[in-house]
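K.L.:
So I've got this file, target.txt, and it contains compact mmCIF, C-alpha atoms and all ligand atoms:
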```
# COMPACT_ATOMS: atom_id res chain seq x y z
CA GLY U 1 0.00 0.00 0.00
CA MET U 2 0.91 3.65 -0.14
CA LYS U 3 3.14 4.72 2.79
CA GLY U 4 3.97 8.16 1.42
CA ALA U 5 2.26 10.65 -0.85
CA ILE U 6 4.28 13.30 -2.70
CA PHE U 7 2.41 16.26 -4.15
CA ASP U 8 3.43 18.67 -6.85
CA LEU U 9 2.23 22.21 -6.05
CA ASP U 10 1.26 24.20 -9.14
CA GLY U 11 -1.60 22.41 -10.93
CA VAL U 12 -2.19 19.88 -8.14
CA ILE U 13 -2.81 21.92 -4.99
CA VAL U 14 -3.21 25.44 -6.40
CA ASP U 15 -3.44 27.02 -9.84
CA THR U 16 -0.45 29.34 -9.69
CA ALA U 17 0.09 28.86 -13.46
CA LYS U 18 -2.26 31.78 -14.13
CA TYR U 19 -0.04 34.13 -12.07
CA HIS U 20 3.15 32.80 -13.66
CA TYR U 21 1.44 33.53 -17.00
CA LEU U 22 0.55 37.13 -16.13
CA ALA U 23 4.12 37.83 -15.03
CA TRP U 24 5.77 36.12 -18.04
CA ARG U 25 3.35 37.90 -20.38
CA SER U 26 4.32 41.33 -19.10
CA LEU U 27 8.00 40.47 -19.57
CA ALA U 28 7.25 39.42 -23.17
CA GLU U 29 5.31 42.66 -23.70
CA ARG U 30 8.28 44.71 -22.54
CA LEU U 31 10.47 42.72 -24.94
CA GLY U 32 8.00 43.46 -27.75
CA PHE U 33 6.27 40.17 -28.49
CA GLU U 34 3.08 38.36 -27.56
CA PHE U 35 3.20 35.40 -25.20
CA THR U 36 -0.03 33.39 -25.36
CA GLU U 37 -1.70 30.96 -22.96
CA ALA U 38 -0.81 28.18 -25.39
CA HIS U 39 2.86 29.15 -25.06
CA ASN U 40 2.42 29.18 -21.30
CA GLU U 41 1.45 25.49 -21.33
CA ARG U 42 5.09 24.74 -22.14
CA LEU U 43 6.20 26.32 -18.84
CA LYS U 44 4.16 24.09 -16.52
CA GLY U 45 6.37 22.13 -14.14
CA VAL U 46 9.47 23.67 -15.73
CA SER U 47 12.03 25.61 -13.63
CA ARG U 48 12.26 29.42 -13.70
CA VAL U 49 15.46 29.59 -15.80
CA GLU U 50 14.20 26.97 -18.24
CA SER U 51 10.87 28.84 -18.50
CA LEU U 52 12.76 32.01 -19.41
CA ARG U 53 14.79 30.12 -22.01
CA ILE U 54 11.56 28.88 -23.64
CA LEU U 55 9.99 32.36 -23.52
CA LEU U 56 13.02 33.97 -25.20
CA GLU U 57 12.96 31.22 -27.84
CA VAL U 58 9.26 31.96 -28.53
CA GLY U 59 10.08 35.66 -28.99
CA GLY U 60 13.30 35.04 -30.90
CA VAL U 61 15.12 37.23 -28.39
CA GLU U 62 18.83 36.89 -27.63
CA ALA U 63 20.02 37.85 -24.15
CA THR U 64 23.24 37.69 -22.17
CA GLU U 65 23.50 35.73 -18.92
CA GLU U 66 23.34 39.00 -16.98
CA GLU U 67 20.23 40.15 -18.85
CA ARG U 68 18.59 36.77 -18.25
CA LEU U 69 19.19 36.97 -14.51
CA GLU U 70 17.68 40.45 -14.47
CA MET U 71 14.63 39.28 -16.48
CA ALA U 72 14.02 36.25 -14.26
CA ASP U 73 14.30 38.46 -11.20
CA THR U 74 11.87 41.07 -12.54
CA LYS U 75 9.39 38.34 -13.47
CA ASN U 76 9.68 36.77 -10.03
CA LYS U 77 9.04 40.11 -8.29
CA GLU U 78 5.84 40.59 -10.30
CA TYR U 79 4.83 36.96 -9.63
CA ILE U 80 5.38 37.45 -5.88
CA ASN U 81 3.08 40.48 -6.00
CA TYR U 82 0.32 38.21 -7.35
CA ILE U 83 0.87 35.31 -4.98
CA SER U 84 1.01 37.66 -1.98
CA GLN U 85 -2.75 37.94 -2.52
CA LEU U 86 -3.30 34.15 -2.39
CA ASP U 87 -5.64 32.83 0.28
CA PRO U 88 -7.03 29.40 1.25
CA SER U 89 -10.03 29.86 -1.10
CA GLU U 90 -7.62 29.22 -3.99
CA ILE U 91 -6.74 25.68 -2.88
CA LEU U 92 -7.96 23.41 -5.69
CA PRO U 93 -11.19 21.43 -5.00
CA GLY U 94 -10.66 18.47 -2.65
CA ALA U 95 -6.91 19.03 -2.21
CA LYS U 96 -6.94 19.99 1.46
CA GLU U 97 -9.56 17.35 2.31
CA TYR U 98 -7.53 14.66 0.55
CA LEU U 99 -4.33 15.62 2.43
CA GLU U 100 -6.28 15.44 5.70
CA LEU U 101 -7.75 12.07 4.76
CA LEU U 102 -4.27 10.65 4.03
CA ARG U 103 -2.91 12.02 7.32
CA SER U 104 -5.77 10.37 9.22
CA GLN U 105 -4.76 7.08 7.57
CA GLY U 106 -1.12 7.47 8.70
CA VAL U 107 0.24 8.20 5.22
CA LYS U 108 3.31 10.50 5.28
CA ILE U 109 3.03 13.58 3.06
CA ALA U 110 5.67 15.57 1.18
CA LEU U 111 5.71 18.41 -1.31
CA GLY U 112 7.78 17.87 -4.47
CA SER U 113 7.76 21.13 -6.42
CA ALA U 114 10.08 22.93 -8.83
CA SER U 115 9.12 26.28 -7.32
CA LYS U 116 11.46 28.40 -5.22
CA ASN U 117 8.36 30.13 -3.83
CA ALA U 118 6.74 26.94 -2.52
CA GLU U 119 7.13 27.64 1.23
CA PHE U 120 5.58 31.08 0.78
CA ILE U 121 2.66 29.68 -1.23
CA LEU U 122 1.95 26.95 1.36
CA SER U 123 1.93 29.57 4.10
CA ARG U 124 -0.44 31.85 2.12
CA LEU U 125 -2.76 28.84 1.73
CA SER U 126 -2.41 27.95 5.47
CA ILE U 127 -1.51 24.31 4.70
CA THR U 128 2.17 24.16 5.74
CA ASP U 129 1.30 21.98 8.73
CA LEU U 130 -0.18 19.25 6.52
CA PHE U 131 3.29 18.39 5.13
CA ASP U 132 5.87 16.19 6.86
CA ALA U 133 8.53 17.37 4.39
CA VAL U 134 8.88 20.09 1.77
CA ILE U 135 11.26 19.55 -1.14
CA ASP U 136 11.19 22.45 -3.59
CA GLY U 137 13.28 24.38 -6.12
CA THR U 138 15.54 25.72 -3.36
CA LYS U 139 16.60 22.18 -2.38
CA VAL U 140 17.27 20.42 -5.68
CA SER U 141 19.44 21.25 -8.67
CA LYS U 142 18.07 18.96 -11.39
CA ALA U 143 14.72 19.85 -12.93
CA LYS U 144 11.92 17.36 -13.67
CA PRO U 145 11.91 14.95 -15.62
CA ASP U 146 14.99 14.19 -13.50
CA PRO U 147 13.72 12.22 -10.46
CA GLU U 148 15.88 14.18 -7.95
CA VAL U 149 12.98 16.11 -6.37
CA PHE U 150 10.90 12.97 -5.75
CA LEU U 151 13.87 10.88 -4.56
CA ALA U 152 14.70 13.67 -2.09
CA ALA U 153 11.06 13.82 -0.97
CA SER U 154 10.82 10.07 -0.27
CA ALA U 155 14.20 10.19 1.50
CA ALA U 156 12.94 13.08 3.66
CA LEU U 157 9.93 10.91 4.60
CA GLN U 158 12.38 8.05 5.32
CA LEU U 159 10.52 5.90 2.82
CA ASN U 160 11.42 3.82 -0.22
CA PRO U 161 10.22 5.61 -3.40
CA LEU U 162 8.53 2.32 -4.36
CA ASP U 163 6.18 2.83 -1.38
CA CYS U 164 5.31 6.39 -2.43
CA VAL U 165 2.70 7.75 -4.80
CA VAL U 166 3.45 10.95 -6.75
CA PHE U 167 0.63 13.35 -7.73
CA GLU U 168 1.57 15.43 -10.80
CA ASP U 169 -0.09 17.58 -13.47
CA ALA U 170 2.87 18.06 -15.83
CA GLU U 171 4.27 15.56 -18.31
CA ALA U 172 7.85 16.14 -17.12
CA GLY U 173 6.65 15.62 -13.53
CA VAL U 174 4.95 12.33 -14.36
CA GLN U 175 8.17 11.17 -16.02
CA ALA U 176 10.17 12.23 -12.95
CA GLY U 177 7.85 10.27 -10.64
CA LYS U 178 8.12 7.14 -12.77
CA ALA U 179 11.91 7.54 -12.98
CA ALA U 180 11.99 7.67 -9.15
CA GLY U 181 10.22 4.30 -9.11
CA SER U 182 6.99 5.59 -7.58
CA LYS U 183 3.41 5.06 -8.69
CA VAL U 184 2.12 8.21 -10.39
CA VAL U 185 -1.36 9.69 -10.31
CA GLY U 186 -1.67 12.15 -13.22
CA ILE U 187 -3.94 15.14 -12.76
CA GLY U 188 -5.28 16.48 -16.04
CA SER U 189 -5.66 14.96 -19.47
CA PRO U 190 -4.93 11.24 -20.17
CA ASP U 191 -3.83 12.26 -23.68
CA ILE U 192 -0.96 14.31 -22.27
CA LEU U 193 -0.13 12.31 -19.11
CA LYS U 194 0.30 9.01 -20.96
CA GLU U 195 2.95 7.61 -18.62
CA ALA U 196 0.90 8.01 -15.43
CA ASP U 197 -0.48 4.85 -13.76
CA ILE U 198 -3.90 6.49 -13.54
CA VAL U 199 -5.19 9.92 -14.54
CA ILE U 200 -7.86 11.89 -12.70
CA ALA U 201 -9.30 15.38 -13.18
CA GLY U 202 -8.58 16.56 -9.63
CA LEU U 203 -7.93 15.33 -6.09
CA TYR U 204 -11.67 15.68 -5.27
CA GLU U 205 -12.12 12.45 -7.25
CA LEU U 206 -10.23 10.55 -4.54
CA LEU U 207 -12.45 11.57 -1.63
CA ALA U 208 -14.81 8.93 -0.27
CA GLN U 209 -18.34 9.67 -1.34
P1 LIG U 301 9.32 29.58 -9.33
P2 LIG U 301 5.42 22.94 -9.70
C1 LIG U 301 6.48 24.97 -11.08
O1 LIG U 301 5.72 24.51 -10.00
C2 LIG U 301 5.56 25.68 -12.09
O2 LIG U 301 4.64 24.76 -12.67
C3 LIG U 301 6.40 26.30 -13.17
O3 LIG U 301 5.57 26.98 -14.10
C4 LIG U 301 7.42 27.26 -12.54
O4 LIG U 301 8.25 27.83 -13.53
C5 LIG U 301 8.26 26.49 -11.53
O5 LIG U 301 7.40 25.91 -10.54
C6 LIG U 301 9.29 27.38 -10.82
O6 LIG U 301 8.60 28.33 -10.03
O7 LIG U 301 9.57 30.62 -10.38
O8 LIG U 301 8.27 29.99 -8.30
O9 LIG U 301 10.57 29.09 -8.67
O10 LIG U 301 4.38 22.51 -10.70
O11 LIG U 301 6.73 22.17 -9.80
O12 LIG U 301 4.89 22.99 -8.29
MG MG U 302 2.73 21.23 -11.54
```
Reformat the file's structure so that it appears as structure tokens.

P.N.:
Amino acid sequence: GMKGAIFDLDGVIVDTAKYHYLAWRSLAERLGFEFTEAHNERLKGVSRVESLRILLEVGGVEATEEERLEMADTKNKEYINYISQLDPSEILPGAKEYLELLRSQGVKIALGSASKNAEFILSRLSITDLFDAVIDGTKVSKAKPDPEVFLAASAALQLNPLDCVVFEDAEAGVQAGKAAGSKVVGIGSPDILKEADIVIAGLYELLAQ
């Protein structure tokens, strides 16, 4: 059975993708090109620097390392302005209830996110206490689909990854969970999350009726 559950953040517990999008779009605007929601799909689950690389590729913009750092920093400041307004009403349907259900069953819970803002987001949502361990973009160096984040999360729970289930909305995240050796519950579209063991629309589907 499942001894540990490892949750991705954006797209699984909260929809922060819309705020990432607003902040990336204003950067693109300043650089003189349009960045669409379809483009934004490519940034889901991807680290900040890799997101910027994709955005600059979309716009055909060349930038030095120094300029890139400045752009990523400006984007992050705008993003932090948005997420400073987050409150518990933005937790995705069923997510908090499912975490509480797992805890009541003795399942250990970890966060496994690419975000460097994860601790802040959890605190804005008032759900920090539901996690036994938080592994995020400040603690790992290799981005999903590398399994590092999920291996670190199962290690922090003192569990074998084979006894953990990963909950992920991004293709690269599903691949990372499988590469770690865990079972993976995909959240989203079965057409995109082909490698997941099962795919559901949201965590509310896992609550007892
Ligand atoms: P930050 P996740 C990811 O979160 C987002 O899906 C992705 O769009 C973002 O670029 C990445 O976090 C890094 O976020 O700029 O806050 O460090 O899905 O891994 O929880
Ligand atoms: Mg995600």

K.L.:
Determine, using all atoms listed in the file, which residues of chain U have any atom at most 12 Å from an atom of ligand MG 302 (chain U), and tabulate each with its shortest atom pair and distance in Å to one decimal place, rows ordered by chain and then rising number, as a Markdown table.

P.N.:
```
| residue | atom | partner | partner_atom | distance |
| --- | --- | --- | --- | --- |
| U:Ile6 | CA | U:MG302 | MG | 12.0 |
| U:Phe7 | CA | U:MG302 | MG | 8.9 |
| U:Asp8 | CA | U:MG302 | MG | 5.4 |
| U:Leu9 | CA | U:MG302 | MG | 5.6 |
| U:Asp10 | CA | U:MG302 | MG | 4.1 |
| U:Gly11 | CA | U:MG302 | MG | 4.5 |
| U:Val12 | CA | U:MG302 | MG | 6.1 |
| U:Ile13 | CA | U:MG302 | MG | 8.6 |
| U:Val14 | CA | U:MG302 | MG | 8.9 |
| U:Asp15 | CA | U:MG302 | MG | 8.6 |
| U:Thr16 | CA | U:MG302 | MG | 8.9 |
| U:Ala17 | CA | U:MG302 | MG | 8.3 |
| U:Lys18 | CA | U:MG302 | MG | 12.0 |
| U:His20 | CA | U:MG302 | MG | 11.8 |
| U:Glu41 | CA | U:MG302 | MG | 10.8 |
| U:Arg42 | CA | U:MG302 | MG | 11.4 |
| U:Leu43 | CA | U:MG302 | MG | 9.6 |
| U:Lys44 | CA | U:MG302 | MG | 5.9 |
| U:Gly45 | CA | U:MG302 | MG | 4.6 |
| U:Val46 | CA | U:MG302 | MG | 8.3 |
| U:Ser47 | CA | U:MG302 | MG | 10.5 |
| U:Leu111 | CA | U:MG302 | MG | 11.0 |
| U:Gly112 | CA | U:MG302 | MG | 9.3 |
| U:Ser113 | CA | U:MG302 | MG | 7.2 |
| U:Ala114 | CA | U:MG302 | MG | 8.0 |
| U:Ser115 | CA | U:MG302 | MG | 9.2 |
| U:Ala118 | CA | U:MG302 | MG | 11.4 |
| U:Asp136 | CA | U:MG302 | MG | 11.7 |
| U:Lys144 | CA | U:MG302 | MG | 10.2 |
| U:Pro145 | CA | U:MG302 | MG | 11.8 |
| U:Val166 | CA | U:MG302 | MG | 11.4 |
| U:Phe167 | CA | U:MG302 | MG | 9.0 |
| U:Glu168 | CA | U:MG302 | MG | 6.0 |
| U:Asp169 | CA | U:MG302 | MG | 5.0 |
| U:Ala170 | CA | U:MG302 | MG | 5.3 |
| U:Glu171 | CA | U:MG302 | MG | 9.0 |
| U:Ala172 | CA | U:MG302 | MG | 9.1 |
| U:Gly173 | CA | U:MG302 | MG | 7.1 |
| U:Val174 | CA | U:MG302 | MG | 9.6 |
| U:Ala176 | CA | U:MG302 | MG | 11.8 |
| U:Gly186 | CA | U:MG302 | MG | 10.2 |
| U:Ile187 | CA | U:MG302 | MG | 9.1 |
| U:Gly188 | CA | U:MG302 | MG | 10.3 |
```

K.L.:
Select, from U:Lys116, U:Glu37, U:Arg30, U:Tyr19, the residue with the minimum atom-to-atom distance to ligand LIG 301 (chain U), counting only C-alpha atoms and all ligand atoms.

P.N.:
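Closest to ligand LIG 301 (chain U) of all the choices is U:Lys116.
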
K.L.:
Could you please determine the separation between CA of Leu125 (chain U) and atom O7 of ligand LIG 301 (chain U) in Å, to one decimal place?

P.N.:
17.4 Å

K.L.:
Which residues are close to Leu101 (chain U), i.e. within 8 Å by only C-alpha atoms, leaving aside same-chain residues fewer than 4 positions away? Reply as a list in words.

P.N.:
Glu97, Gln105 and Leu207 of chain U

K.L.:
Which is closest to ligand LIG 301 (chain U) among U:Ala143, U:Ile127, U:Leu92, U:Ala133, if we use only C-alpha atoms and all ligand atoms?

P.N.:
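Closest residue, counting only C-alpha atoms and all ligand atoms: U:Ala143.
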
K.L.:
Identify the residues within 10 Å of coordinate (-5.2, 17.8, 2.9) (same frame as the file), considering only C-alpha atoms, and give the answer as a list in words.

P.N.:
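Applying the cut-off with only C-alpha atoms, one gets Ile13, Ile91, Gly94, Ala95, Lys96, Glu97, Tyr98, Leu99, Glu100, Leu101, Leu102, Arg103, Ser104, Ile109, Ile127, Asp129, Leu130, Phe131 and Leu203 of chain U.
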
K.L.:
If you measure from CA of Gly137 (chain U) to atom O9 of ligand LIG 301 (chain U), what distance in Å do you get, rounded to one decimal?

P.N.:
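Atom-to-atom, CA of Gly137 (chain U) to atom O9 of ligand LIG 301 (chain U), that is 6.0 Å.
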
K.L.:
Compare U:Ser182, U:Thr64, U:Ser189, U:Gln175 by their minimum atom-to-atom distance to Asn160 (chain U), counting all atoms listed in the file, and give me the closest one.

P.N.:
U:Ser182

K.L.:
Can you list, as a PDB file with C-alpha atoms, in the coordinates of the input, every protein, DNA or RNA residue that comes within 9 Å of region 74-88 of chain U when you count only C-alpha atoms, leaving out same-chain residues fewer than 6 positions away?

P.N.:
```pdb
ATOM      1  CA  THR U  16      -0.450  29.340  -9.690  1.00  0.00           C
ATOM      2  CA  TYR U  19      -0.040  34.130 -12.070  1.00  0.00           C
ATOM      3  CA  HIS U  20       3.150  32.800 -13.660  1.00  0.00           C
ATOM      4  CA  TYR U  21       1.440  33.530 -17.000  1.00  0.00           C
ATOM      5  CA  LEU U  22       0.550  37.130 -16.130  1.00  0.00           C
ATOM      6  CA  ALA U  23       4.120  37.830 -15.030  1.00  0.00           C
ATOM      7  CA  TRP U  24       5.770  36.120 -18.040  1.00  0.00           C
ATOM      8  CA  SER U  26       4.320  41.330 -19.100  1.00  0.00           C
ATOM      9  CA  LEU U  27       8.000  40.470 -19.570  1.00  0.00           C
ATOM     10  CA  ARG U  48      12.260  29.420 -13.700  1.00  0.00           C
ATOM     11  CA  ASN U 117       8.360  30.130  -3.830  1.00  0.00           C
ATOM     12  CA  PHE U 120       5.580  31.080   0.780  1.00  0.00           C
ATOM     13  CA  ILE U 121       2.660  29.680  -1.230  1.00  0.00           C
ATOM     14  CA  ARG U 124      -0.440  31.850   2.120  1.00  0.00           C
ATOM     15  CA  LEU U 125      -2.760  28.840   1.730  1.00  0.00           C
ATOM     16  CA  SER U 126      -2.410  27.950   5.470  1.00  0.00           C
ATOM     17  CA  ILE U 127      -1.510  24.310   4.700  1.00  0.00           C
TER      18      ILE U 127
END
```

K.L.:
Between U:Glu50, U:Thr36, U:Leu31, U:Met2, single out the one closest to ligand LIG 301 (chain U), counting all atoms listed in the file.

P.N.:
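Among the listed residues, U:Glu50 lies closest to ligand LIG 301 (chain U).
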
K.L.:
Taking all atoms listed in the file into account, which of U:Glu29, U:Glu66, U:Lys139, U:Phe35 comes nearest ligand LIG 301 (chain U)?

P.N.:
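Nearest to ligand LIG 301 (chain U): U:Lys139.
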
K.L.:
Do you have the CA of Val185 (chain U)-CA of Leu55 (chain U) distance handy?

P.N.:
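Interatomic distance, CA of Val185 (chain U) to CA of Leu55 (chain U): 28.6 Å.
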
K.L.:
Counting all atoms listed in the file, which residue out of U:Gly1, U:Ser89, U:Val58, U:Phe150 sits closest to ligand LIG 301 (chain U)?

P.N.:
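Of the candidates, the smallest distance to ligand LIG 301 (chain U) is held by U:Phe150.
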